[in-house]
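Containing TSV, C-alpha atoms and all ligand atoms: start.tsv.
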chain	number	residue	atom	x	y	z
D	10	ILE	CA	114.28	96.37	102.03
D	11	ALA	CA	114.57	97.41	105.66
D	12	THR	CA	111.42	97.40	107.77
D	13	HIS	CA	111.37	101.14	108.50
D	14	GLU	CA	111.71	102.14	104.85
D	15	PHE	CA	109.22	99.54	103.75
D	16	ILE	CA	106.65	100.82	106.25
D	17	ALA	CA	107.31	104.47	105.43
D	18	GLY	CA	106.71	103.73	101.76
D	19	LEU	CA	103.57	101.63	102.26
D	20	PRO	CA	100.36	103.57	101.48
D	21	LYS	CA	98.23	103.24	104.59
D	22	ALA	CA	94.66	103.55	105.83
D	23	GLU	CA	93.76	104.19	109.45
D	24	LEU	CA	90.23	103.40	110.61
D	25	HIS	CA	90.48	103.60	114.41
D	26	LEU	CA	91.74	106.95	115.58
D	27	HIS	CA	90.24	109.32	118.14
D	28	ILE	CA	90.90	112.90	117.16
D	29	GLU	CA	90.81	113.98	120.80
D	30	GLY	CA	93.38	111.23	121.39
D	31	THR	CA	95.85	112.99	119.09
D	32	LEU	CA	96.21	115.94	121.48
D	33	SER	CA	99.91	116.31	122.04
D	34	LEU	CA	101.24	118.07	125.12
D	35	SER	CA	102.37	120.93	122.90
D	36	MET	CA	98.94	121.27	121.28
D	37	LYS	CA	97.35	121.23	124.75
D	38	ARG	CA	99.66	124.04	125.82
D	39	LYS	CA	99.00	126.06	122.69
D	40	LEU	CA	95.21	125.78	123.00
D	41	ALA	CA	95.22	126.35	126.77
D	42	GLU	CA	97.17	129.56	126.20
D	43	ARG	CA	95.00	130.70	123.31
D	44	ASN	CA	91.85	130.15	125.37
D	45	LYS	CA	93.42	131.57	128.54
D	46	LEU	CA	92.75	128.40	130.52
D	47	GLN	CA	94.27	127.29	133.77
D	48	LEU	CA	94.52	123.51	133.65
D	49	SER	CA	95.49	121.08	136.36
D	50	GLU	CA	98.85	119.38	136.21
D	51	LEU	CA	97.00	116.16	135.41
D	52	SER	CA	96.34	117.42	131.90
D	53	PHE	CA	100.04	117.53	131.18
D	54	THR	CA	101.03	114.18	132.65
D	55	PRO	CA	102.07	111.60	130.04
D	56	LEU	CA	100.37	108.21	130.27
D	57	LYS	CA	102.47	105.66	132.13
D	58	VAL	CA	102.03	102.04	133.10
D	59	PRO	CA	101.42	101.88	136.85
D	60	PRO	CA	103.74	99.51	138.74
D	61	GLY	CA	102.58	95.89	139.00
D	62	SER	CA	99.93	96.07	136.29
D	63	THR	CA	98.55	92.66	135.47
D	64	GLY	CA	95.13	91.07	135.66
D	65	GLN	CA	91.72	92.07	134.45
D	66	LYS	CA	90.61	94.34	137.28
D	67	LEU	CA	93.73	96.40	136.85
D	68	ASP	CA	93.23	96.59	133.10
D	69	ILE	CA	89.84	98.18	133.70
D	70	LEU	CA	91.36	100.64	136.16
D	71	GLN	CA	94.00	101.49	133.61
D	72	TYR	CA	91.39	102.18	130.93
D	73	LYS	CA	89.67	104.48	133.38
D	74	MET	CA	92.93	106.23	134.19
D	75	PHE	CA	93.61	106.77	130.52
D	76	LEU	CA	90.08	108.01	129.86
D	77	ASP	CA	90.29	110.44	132.80
D	78	LEU	CA	93.43	111.90	131.29
D	79	TYR	CA	91.79	112.07	127.87
D	80	MET	CA	88.68	113.79	129.26
D	81	GLN	CA	90.85	116.31	131.14
D	82	GLY	CA	92.93	117.01	128.07
D	83	LEU	CA	90.08	117.69	125.67
D	84	LYS	CA	88.91	120.60	127.81
D	85	VAL	CA	91.41	122.82	125.97
D	86	LEU	CA	89.19	122.57	122.87
D	87	HIS	CA	86.74	125.45	122.66
D	88	THR	CA	86.38	127.10	119.26
D	89	VAL	CA	85.90	126.04	115.65
D	90	GLU	CA	89.53	127.03	115.14
D	91	ASP	CA	90.69	124.71	117.98
D	92	PHE	CA	88.96	121.70	116.41
D	93	TYR	CA	90.33	122.71	113.03
D	94	ASP	CA	93.89	122.97	114.34
D	95	LEU	CA	93.67	119.65	116.18
D	96	ALA	CA	92.37	117.83	113.12
D	97	TYR	CA	94.73	119.52	110.70
D	98	ALA	CA	97.72	118.54	112.84
D	99	TYR	CA	96.58	114.91	112.53
D	100	TYR	CA	96.23	115.26	108.75
D	101	GLU	CA	99.82	116.53	108.65
D	102	GLU	CA	100.81	113.39	110.55
D	103	CYS	CA	98.91	111.38	107.95
D	104	LYS	CA	100.97	113.02	105.24
D	105	ARG	CA	104.21	112.26	107.12
D	106	ASN	CA	103.13	108.66	107.75
D	107	ASN	CA	101.84	108.01	104.23
D	108	ILE	CA	98.30	107.50	105.50
D	109	ILE	CA	96.30	108.26	102.39
D	110	TYR	CA	92.90	107.51	103.91
D	111	ALA	CA	91.62	107.93	107.47
D	112	GLU	CA	88.34	107.41	109.28
D	113	ILE	CA	88.46	109.71	112.27
D	114	SER	CA	86.39	109.32	115.42
D	115	PHE	CA	85.26	112.27	117.50
D	116	ASP	CA	83.35	112.42	120.81
D	117	PRO	CA	80.73	115.21	120.76
D	118	GLN	CA	79.33	114.70	124.27
D	119	PRO	CA	82.32	115.71	126.43
D	120	HIS	CA	82.31	118.96	124.43
D	121	THR	CA	78.59	119.72	124.34
D	122	ASP	CA	78.42	118.87	128.06
D	123	ARG	CA	80.87	121.73	128.68
D	124	GLY	CA	78.69	124.11	126.72
D	125	ILE	CA	80.62	123.89	123.45
D	126	PRO	CA	78.11	123.93	120.57
D	127	PHE	CA	77.92	120.77	118.47
D	128	ALA	CA	78.34	123.12	115.49
D	129	ALA	CA	81.78	124.28	116.68
D	130	VAL	CA	83.02	120.69	116.88
D	131	ILE	CA	81.74	119.49	113.52
D	132	GLU	CA	82.45	122.70	111.60
D	133	GLY	CA	86.08	122.72	112.71
D	134	LEU	CA	86.58	119.03	111.88
D	135	GLN	CA	84.79	119.30	108.55
D	136	ALA	CA	86.77	122.39	107.45
D	137	ALA	CA	90.04	120.59	108.25
D	138	ARG	CA	88.85	117.50	106.39
D	139	VAL	CA	88.11	119.51	103.24
D	140	GLU	CA	91.38	121.46	103.46
D	141	ALA	CA	93.45	118.29	104.03
D	142	ALA	CA	91.97	116.62	100.96
D	143	LYS	CA	92.74	119.70	98.87
D	144	THR	CA	96.15	120.67	100.21
D	145	LEU	CA	97.66	117.41	101.48
D	146	GLY	CA	95.81	114.88	99.34
D	147	VAL	CA	94.70	113.00	102.48
D	148	GLU	CA	91.15	111.68	102.16
D	149	SER	CA	89.03	110.99	105.23
D	150	ARG	CA	85.63	110.39	106.75
D	151	LEU	CA	84.24	111.17	110.21
D	152	ILE	CA	82.82	108.75	112.80
D	153	MET	CA	80.71	110.20	115.60
D	154	CYS	CA	81.35	108.22	118.79
D	155	ILE	CA	78.83	108.06	121.61
D	156	ASN	CA	80.20	107.84	125.14
D	157	ARG	CA	78.66	104.63	126.46
D	158	ASP	CA	78.95	105.65	130.13
D	159	MET	CA	76.49	108.46	129.44
D	160	THR	CA	72.74	107.88	129.17
D	161	LEU	CA	70.84	106.56	126.17
D	162	GLU	CA	68.93	109.86	126.22
D	163	SER	CA	72.12	111.85	125.84
D	164	ALA	CA	73.12	109.56	122.96
D	165	LEU	CA	69.76	110.08	121.23
D	166	GLN	CA	70.05	113.85	121.68
D	167	THR	CA	73.50	113.73	120.13
D	168	LEU	CA	72.18	111.83	117.12
D	169	SER	CA	69.52	114.54	116.73
D	170	ALA	CA	72.10	117.31	117.06
D	171	ALA	CA	74.04	115.69	114.22
D	172	LYS	CA	71.09	115.76	111.84
D	173	PRO	CA	71.90	119.10	110.17
D	174	TYR	CA	75.45	117.79	109.57
D	175	ARG	CA	74.44	114.34	108.35
D	176	ASP	CA	76.42	114.81	105.12
D	177	HIS	CA	79.67	115.34	107.04
D	178	ILE	CA	79.39	112.23	109.22
D	179	THR	CA	79.81	108.75	107.78
D	180	GLY	CA	79.71	106.44	110.78
D	181	LEU	CA	78.46	106.00	114.31
D	182	GLY	CA	80.58	104.42	117.05
D	183	LEU	CA	80.55	103.71	120.78
D	184	ASP	CA	83.47	104.41	123.09
D	185	SER	CA	84.60	105.44	126.59
D	186	VAL	CA	84.11	103.44	129.83
D	187	GLU	CA	82.71	100.01	128.94
D	188	ASP	CA	82.45	98.44	132.38
D	189	GLY	CA	78.72	98.25	133.20
D	190	HIS	CA	77.67	99.66	129.82
D	191	PRO	CA	77.00	96.77	127.44
D	192	PRO	CA	76.26	97.38	123.74
D	193	ILE	CA	72.61	96.37	124.19
D	194	LYS	CA	72.04	99.61	126.14
D	195	PHE	CA	72.25	101.39	122.78
D	196	LYS	CA	70.05	99.17	120.60
D	197	GLN	CA	67.52	101.97	120.03
D	198	LEU	CA	70.29	104.39	119.03
D	199	TYR	CA	71.77	101.95	116.53
D	200	ASP	CA	68.35	101.16	115.04
D	201	LEU	CA	67.75	104.88	114.49
D	202	ALA	CA	71.23	105.43	113.06
D	203	ARG	CA	70.81	102.49	110.69
D	204	ALA	CA	67.53	103.99	109.47
D	205	GLN	CA	69.51	107.17	108.74
D	206	ASP	CA	72.09	105.19	106.75
D	207	TYR	CA	75.01	105.67	109.11
D	208	GLU	CA	77.73	103.06	108.91
D	209	LEU	CA	78.04	101.30	112.26
D	210	THR	CA	80.92	100.34	114.52
D	211	ALA	CA	81.44	100.05	118.31
D	212	HIS	CA	84.31	99.60	120.71
D	213	CYS	CA	84.76	96.35	122.58
D	214	ASP	CA	87.80	97.23	124.61
D	215	VAL	CA	90.30	94.50	125.37
D	216	ASP	CA	89.72	92.26	128.41
D	217	MET	CA	86.70	94.07	129.82
D	218	VAL	CA	84.15	92.17	131.91
D	219	ASN	CA	81.90	90.06	129.61
D	220	ALA	CA	84.15	91.00	126.72
D	221	ALA	CA	83.12	88.22	124.32
D	222	GLU	CA	79.44	88.75	125.17
D	223	HIS	CA	79.89	92.43	124.25
D	224	VAL	CA	81.35	91.42	120.88
D	225	ARG	CA	78.35	89.16	120.34
D	226	GLN	CA	75.90	91.95	121.20
D	227	CYS	CA	77.65	94.34	118.82
D	228	ILE	CA	77.26	91.91	115.95
D	229	GLU	CA	73.85	90.41	116.72
D	230	VAL	CA	72.02	93.23	118.53
D	231	LEU	CA	73.57	96.44	117.18
D	232	GLY	CA	74.30	95.01	113.74
D	233	VAL	CA	77.74	96.60	113.34
D	234	ARG	CA	80.00	95.93	110.35
D	235	ARG	CA	83.15	96.67	112.30
D	236	ILE	CA	84.33	96.37	115.88
D	237	ASP	CA	86.98	98.61	117.40
D	238	HIS	CA	89.45	96.32	119.22
D	239	GLY	CA	87.20	93.26	119.80
D	240	ILE	CA	90.19	91.03	120.50
D	241	ASN	CA	88.13	88.91	122.92
D	242	VAL	CA	86.26	87.41	119.99
D	243	LEU	CA	88.99	84.78	120.49
D	244	ASP	CA	87.37	83.69	123.77
D	245	ASP	CA	84.36	82.15	121.97
D	246	PRO	CA	84.77	79.75	119.02
D	247	THR	CA	81.18	80.12	117.77
D	248	LEU	CA	81.56	83.89	117.82
D	249	ILE	CA	84.71	83.57	115.71
D	250	ASP	CA	82.64	81.70	113.10
D	251	THR	CA	79.91	84.34	113.19
D	252	ALA	CA	82.41	87.18	112.75
D	253	ILE	CA	84.08	85.43	109.82
D	254	GLU	CA	80.72	84.67	108.19
D	255	ARG	CA	79.59	88.28	108.45
D	256	GLY	CA	82.94	89.68	107.35
D	257	ILE	CA	83.34	91.80	110.47
D	258	LEU	CA	86.49	93.93	110.43
D	259	PHE	CA	88.29	94.28	113.77
D	260	THR	CA	90.25	97.52	114.04
D	261	ALA	CA	93.01	96.40	116.39
D	262	CYS	CA	95.52	98.69	118.08
D	263	PRO	CA	98.92	97.23	119.01
D	264	THR	CA	99.77	100.33	121.02
D	265	TRP	CA	101.98	100.63	124.07
D	266	ARG	CA	102.41	103.04	126.94
D	267	ASP	CA	105.52	104.33	128.57
D	268	GLY	CA	106.66	101.28	130.57
D	269	ASP	CA	105.04	98.54	128.47
D	270	PRO	CA	107.75	96.07	127.45
D	271	GLN	CA	106.42	95.68	123.91
D	272	PRO	CA	103.37	96.42	121.73
D	273	ARG	CA	100.30	95.06	123.48
D	274	ARG	CA	98.05	92.33	122.03
D	275	VAL	CA	100.31	91.35	119.12
D	276	ASP	CA	100.05	87.62	119.76
D	277	ARG	CA	96.28	87.73	119.83
D	278	ILE	CA	96.11	90.01	116.78
D	279	LYS	CA	98.22	87.52	114.88
D	280	LYS	CA	96.07	84.64	116.07
D	281	MET	CA	92.93	86.44	114.89
D	282	ARG	CA	94.38	86.76	111.44
D	283	ASP	CA	95.58	83.16	111.38
D	284	LEU	CA	92.02	82.04	112.17
D	285	GLY	CA	90.71	83.96	109.15
D	286	LEU	CA	89.27	86.98	110.96
D	287	LYS	CA	89.66	90.35	109.24
D	288	VAL	CA	91.92	92.66	111.24
D	289	SER	CA	93.46	96.06	110.59
D	290	LEU	CA	96.17	97.90	112.53
D	291	ASN	CA	95.59	101.35	114.03
D	292	THR	CA	97.07	103.82	116.52
D	293	ASP	CA	93.88	104.67	118.53
D	294	ASP	CA	95.17	107.60	120.66
D	295	PRO	CA	98.66	108.46	119.40
D	296	GLY	CA	98.88	111.65	121.48
D	297	TYR	CA	98.64	109.58	124.64
D	298	PHE	CA	100.31	106.28	123.82
D	299	ALA	CA	104.08	106.07	123.57
D	300	SER	CA	103.59	104.03	120.36
D	301	GLY	CA	102.68	107.25	118.55
D	302	TYR	CA	101.82	107.29	114.85
D	303	MET	CA	101.93	104.49	112.27
D	304	ASN	CA	105.54	104.81	111.12
D	305	ALA	CA	106.71	104.55	114.73
D	306	MET	CA	104.29	101.84	115.84
D	307	LEU	CA	104.40	99.38	112.95
D	308	PRO	CA	108.15	98.61	112.91
D	309	ARG	CA	108.03	97.42	116.50
D	310	VAL	CA	104.95	95.36	115.78
D	311	VAL	CA	106.86	93.68	112.98
D	312	GLU	CA	109.91	93.11	115.17
D	313	CYS	CA	108.08	91.52	118.09
D	314	GLY	CA	105.07	89.98	116.39
D	315	ALA	CA	107.06	88.10	113.77
D	316	LEU	CA	105.04	89.65	110.96
D	317	THR	CA	106.53	89.76	107.53
D	318	GLN	CA	106.30	92.67	105.14
D	319	ASP	CA	103.68	90.66	103.22
D	320	ASP	CA	101.62	90.34	106.40
D	321	LEU	CA	101.66	94.10	106.77
D	322	VAL	CA	100.43	94.54	103.24
D	323	ALA	CA	97.60	92.12	104.01
D	324	TYR	CA	96.60	94.08	107.14
D	325	MET	CA	96.54	97.30	105.13
D	326	ARG	CA	94.47	95.64	102.44
D	327	ASN	CA	91.95	94.68	105.13
D	328	ALA	CA	91.76	98.34	106.14
D	329	PHE	CA	91.08	99.52	102.59
D	330	ASP	CA	88.56	96.67	102.11
D	331	GLY	CA	86.72	97.64	105.30
D	332	ALA	CA	86.80	101.39	104.63
D	333	TRP	CA	83.44	103.10	104.30
D	334	LEU	CA	83.97	104.20	100.73
D	335	PRO	CA	81.86	103.72	97.64
D	336	GLU	CA	83.35	100.94	95.50
D	337	ASP	CA	84.61	103.25	92.74
D	338	GLU	CA	86.46	105.43	95.24
D	339	ARG	CA	87.89	102.38	97.02
D	340	GLN	CA	89.41	101.20	93.76
D	341	GLU	CA	91.41	104.46	93.52
D	342	PHE	CA	93.21	103.55	96.73
D	343	ILE	CA	94.01	99.93	95.97
D	401	LIG	N1	88.13	106.85	123.81
D	401	LIG	C1	89.30	107.16	123.25
D	401	LIG	N2	90.07	106.06	123.11
D	401	LIG	C2	89.36	105.03	123.60
D	401	LIG	C3	89.58	103.65	123.73
D	401	LIG	N3	90.71	103.08	123.32
D	401	LIG	N4	88.63	102.91	124.30
D	401	LIG	C4	87.50	103.46	124.72
D	401	LIG	N5	87.22	104.74	124.60
D	401	LIG	C5	88.13	105.53	124.05
D	402	ZN	ZN	89.52	103.53	120.39
Using structure tokens, write down the structure from this file.
Ligand code: ADE
Ligand code: ZN
Amino acid sequence: IATHEFIAGLPKAELHLHIEGTLSLSMKRKLAERNKLQLSELSFTPLKVPPGSTGQKLDILQYKMFLDLYMQGLKVLHTVEDFYDLAYAYYEECKRNNIIYAEISFDPQPHTDRGIPFAAVIEGLQAARVEAAKTLGVESRLIMCINRDMTLESALQTLSAAKPYRDHITGLGLDSVEDGHPPIKFKQLYDLARAQDYELTAHCDVDMVNAAEHVRQCIEVLGVRRIDHGINVLDDPTLIDTAIERGILFTACPTWRDGDPQPRRVDRIKKMRDLGLKVSLNTDDPGYFASGYMNAMLPRVVECGALTQDDLVAYMRNAFDGAWLPEDERQEFI
């Protein structure tokens, strides 16, 4: 059966997805209008590969460029209804893409820093989550991501703000600008979150400075069960052994931007799997990346990464295996 049809028919799980990263240009326009906002042109500029983009320093600059765009864009989100609409639009994409289970990250700090109450963010997301399960049959969990370029204090305050909504939030993550903000900065936060029974993950973005050391800190200092991206585990053979031993799941994202010749990181993702590491495939920020949602991204990953349909099934199985679900509920998906 042809790749596109096979992928469309495959029941999928997505574990690495930023809800603010699903903001389409049309959603931005709609919310900007509804909230009577005047936004800079920057907010409506699609992400493009800058000319001559190779080498590590440039990769970091590109992450920063993307994150600037993302932080500009999310300013259209103000009310409970805005967060609801954003999340529900993603759930409709899940339905279209046959994603039957999703773990959705959100970033409270760039909202609360603008004076948006934590309650507005979580109440909108939670209402959409409940409605999507009921109406679309899409199940999901929420992951609260801390912006690592902000202070530990701000992170601790955010964990406190989440306390009344503990039941709605399954996991804790770490994202945003990594350069100069190693995982160890957040040891205290992760210890507290573990004591509150949060599931734990953290980003280790691809090809950052000290990338493998950051992966090591996530596993050994923060005690995560998953790592978002984490491709640079490949740089350190002993770390590969540790990750395999502990059953760490790497939520990889073979996305591409306008101008990228092909999905990024596919060779390394394949190598990770060949070495026996657990990897899943995810779209990360489909509103910003040209790769878009699963049914658009995966066929090109198959075409250029020489994956078979069986490989794809194995990647999806890894996602369901690594999902933060009680065992009885997991069985319903497999
Ligand atoms: N925030 C949203 N997407 C991100 C990514 N891919 N890396 C770091 N922070 C992010
Ligand atoms: Zn991410």
Please, which residues in chain D fall within 6 Å of ligand LIG 401 (chain D) when counting only C-alpha atoms and all ligand atoms, and what is the closest atom pair and distance in Å to one decimal for each, ordered by chain then residue number, as a Markdown table?
| residue | atom | partner | partner_atom | distance |
| --- | --- | --- | --- | --- |
| D:His27 | CA | D:LIG401 | C1 | 5.6 |
| D:Asp184 | CA | D:LIG401 | N5 | 4.1 |
| D:Ser185 | CA | D:LIG401 | N5 | 3.4 |
| D:Asp214 | CA | D:LIG401 | N4 | 5.7 |
| D:Asp293 | CA | D:LIG401 | N3 | 6.0 |
| D:Asp294 | CA | D:LIG401 | N2 | 5.9 |
Restricting it to C-alpha atoms, dump the selection as an mmCIF file, in the coordinates of the input.
data_model
loop_
_atom_site.group_PDB
_atom_site.id
_atom_site.type_symbol
_atom_site.label_atom_id
_atom_site.label_comp_id
_atom_site.auth_asym_id
_atom_site.auth_seq_id
_atom_site.Cartn_x
_atom_site.Cartn_y
_atom_site.Cartn_z
ATOM 1 C CA HIS D 27 90.240 109.320 118.140
ATOM 2 C CA ASP D 184 83.470 104.410 123.090
ATOM 3 C CA SER D 185 84.600 105.440 126.590
ATOM 4 C CA ASP D 214 87.800 97.230 124.610
ATOM 5 C CA ASP D 293 93.880 104.670 118.530
ATOM 6 C CA ASP D 294 95.170 107.600 120.660
#
Pick out the residues no farther than 12 Å from ligand ZN 402 (chain D), counting only C-alpha atoms and all ligand atoms, and list them as JSON, numbers by chain. {"D": [23, 24, 25, 26, 27, 28, 29, 30, 31, 72, 75, 76, 79, 112, 113, 114, 115, 116, 152, 154, 155, 156, 182, 183, 184, 185, 186, 187, 210, 211, 212, 213, 214, 215, 236, 237, 238, 239, 259, 260, 261, 262, 263, 264, 290, 291, 292, 293, 294, 295, 297, 298]}
Where's the centre, and what are the edge lengths in Å to one decimal, of a box along x, y and z enclosing all listed atoms of segment 313-319 of chain D padded 5 Å per side, as AutoDock Vina command-line options?
--center_x 105.9 --center_y 90.4 --center_z 110.7 --size_x 14.4 --size_y 14.6 --size_z 24.9
Under the rule that all atoms listed in the file are counted, which of D:Ala111, D:Ile10, D:Val288, D:Ile257 is the nearest residue to Ala22 of chain D? D:Ala111
Of the residues D:Asp206, D:Asp158, D:Glu140, D:Asp91, which is the one nearest to Ile125 of chain D, using only C-alpha atoms?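 Once distances to Ile125 of chain D are computed over only C-alpha atoms, the minimum belongs to D:Asp91.
With all atoms listed in the file as the basis for measurement, D:Gln226 is the residue among D:Leu248, D:Ala202, D:Gln226, D:Asp267 that approaches His190 of chain D most closely.
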Measure the distance from atom CA of Ser300 of chain D to atom CA of Gln271 of chain D in Å and round it to one decimal. 9.5 Å
Separation of atom CA of Leu78 of chain D from atom CA of Ser289 of chain D in Å: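 Separation between atom CA of Ser289 of chain D and atom CA of Leu78 of chain D: 26.1 Å.
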Taking into account only C-alpha atoms, which residue in the set D:Trp333, D:Ala11, D:Lys104, D:Leu134 is nearest to Gly180 of chain D?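 Distance minimum relative to Gly180 of chain D lands on D:Trp333.
Proximity to Lys37 of chain D was assessed for D:Leu56, D:Ile16, D:Ile108, D:Leu83 counting all atoms listed in the file; the smallest distance is recorded for D:Leu83.
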Which neighbours of Ala204 of chain D fall inside 12 Å, counting only C-alpha atoms, when residues of the same chain fewer than 6 positions from it are skipped, and could you give them as an MDAnalysis selection string? chainID D and resid 168 197:198
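Residue nearest Val85 of chain D, chosen from D:Glu341, D:Glu42, D:Glu222, D:Glu312 and counting only C-alpha atoms: D:Glu42.
Between atom CA of Gly331 of chain D and atom CA of Asp283 of chain D there is a distance of 18.0 Å.
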Local residues around (109.6, 104.7, 122.1), at most 9 Å away, using only C-alpha atoms, as a CSV table (one decimal) with C-alpha atoms, in the coordinates of the input:
chain,number,residue,atom,x,y,z
D,265,TRP,CA,102.0,100.6,124.1
D,266,ARG,CA,102.4,103.0,126.9
D,267,ASP,CA,105.5,104.3,128.6
D,299,ALA,CA,104.1,106.1,123.6
D,300,SER,CA,103.6,104.0,120.4
D,301,GLY,CA,102.7,107.2,118.6
D,305,ALA,CA,106.7,104.6,114.7
D,306,MET,CA,104.3,101.8,115.8
Identify, on the basis of only C-alpha atoms, every residue whose closest approach to Val311 of chain D does not exceed 10 Å; exclude the query and any residue fewer than 3 positions from it along the same chain; express the result as a list of chain:residue names. D:Thr12, D:His13, D:Ile16, D:Pro272, D:Val275, D:Met306, D:Leu307, D:Pro308, D:Gly314, D:Ala315, D:Leu316, D:Thr317, D:Gln318, D:Asp320, D:Leu321
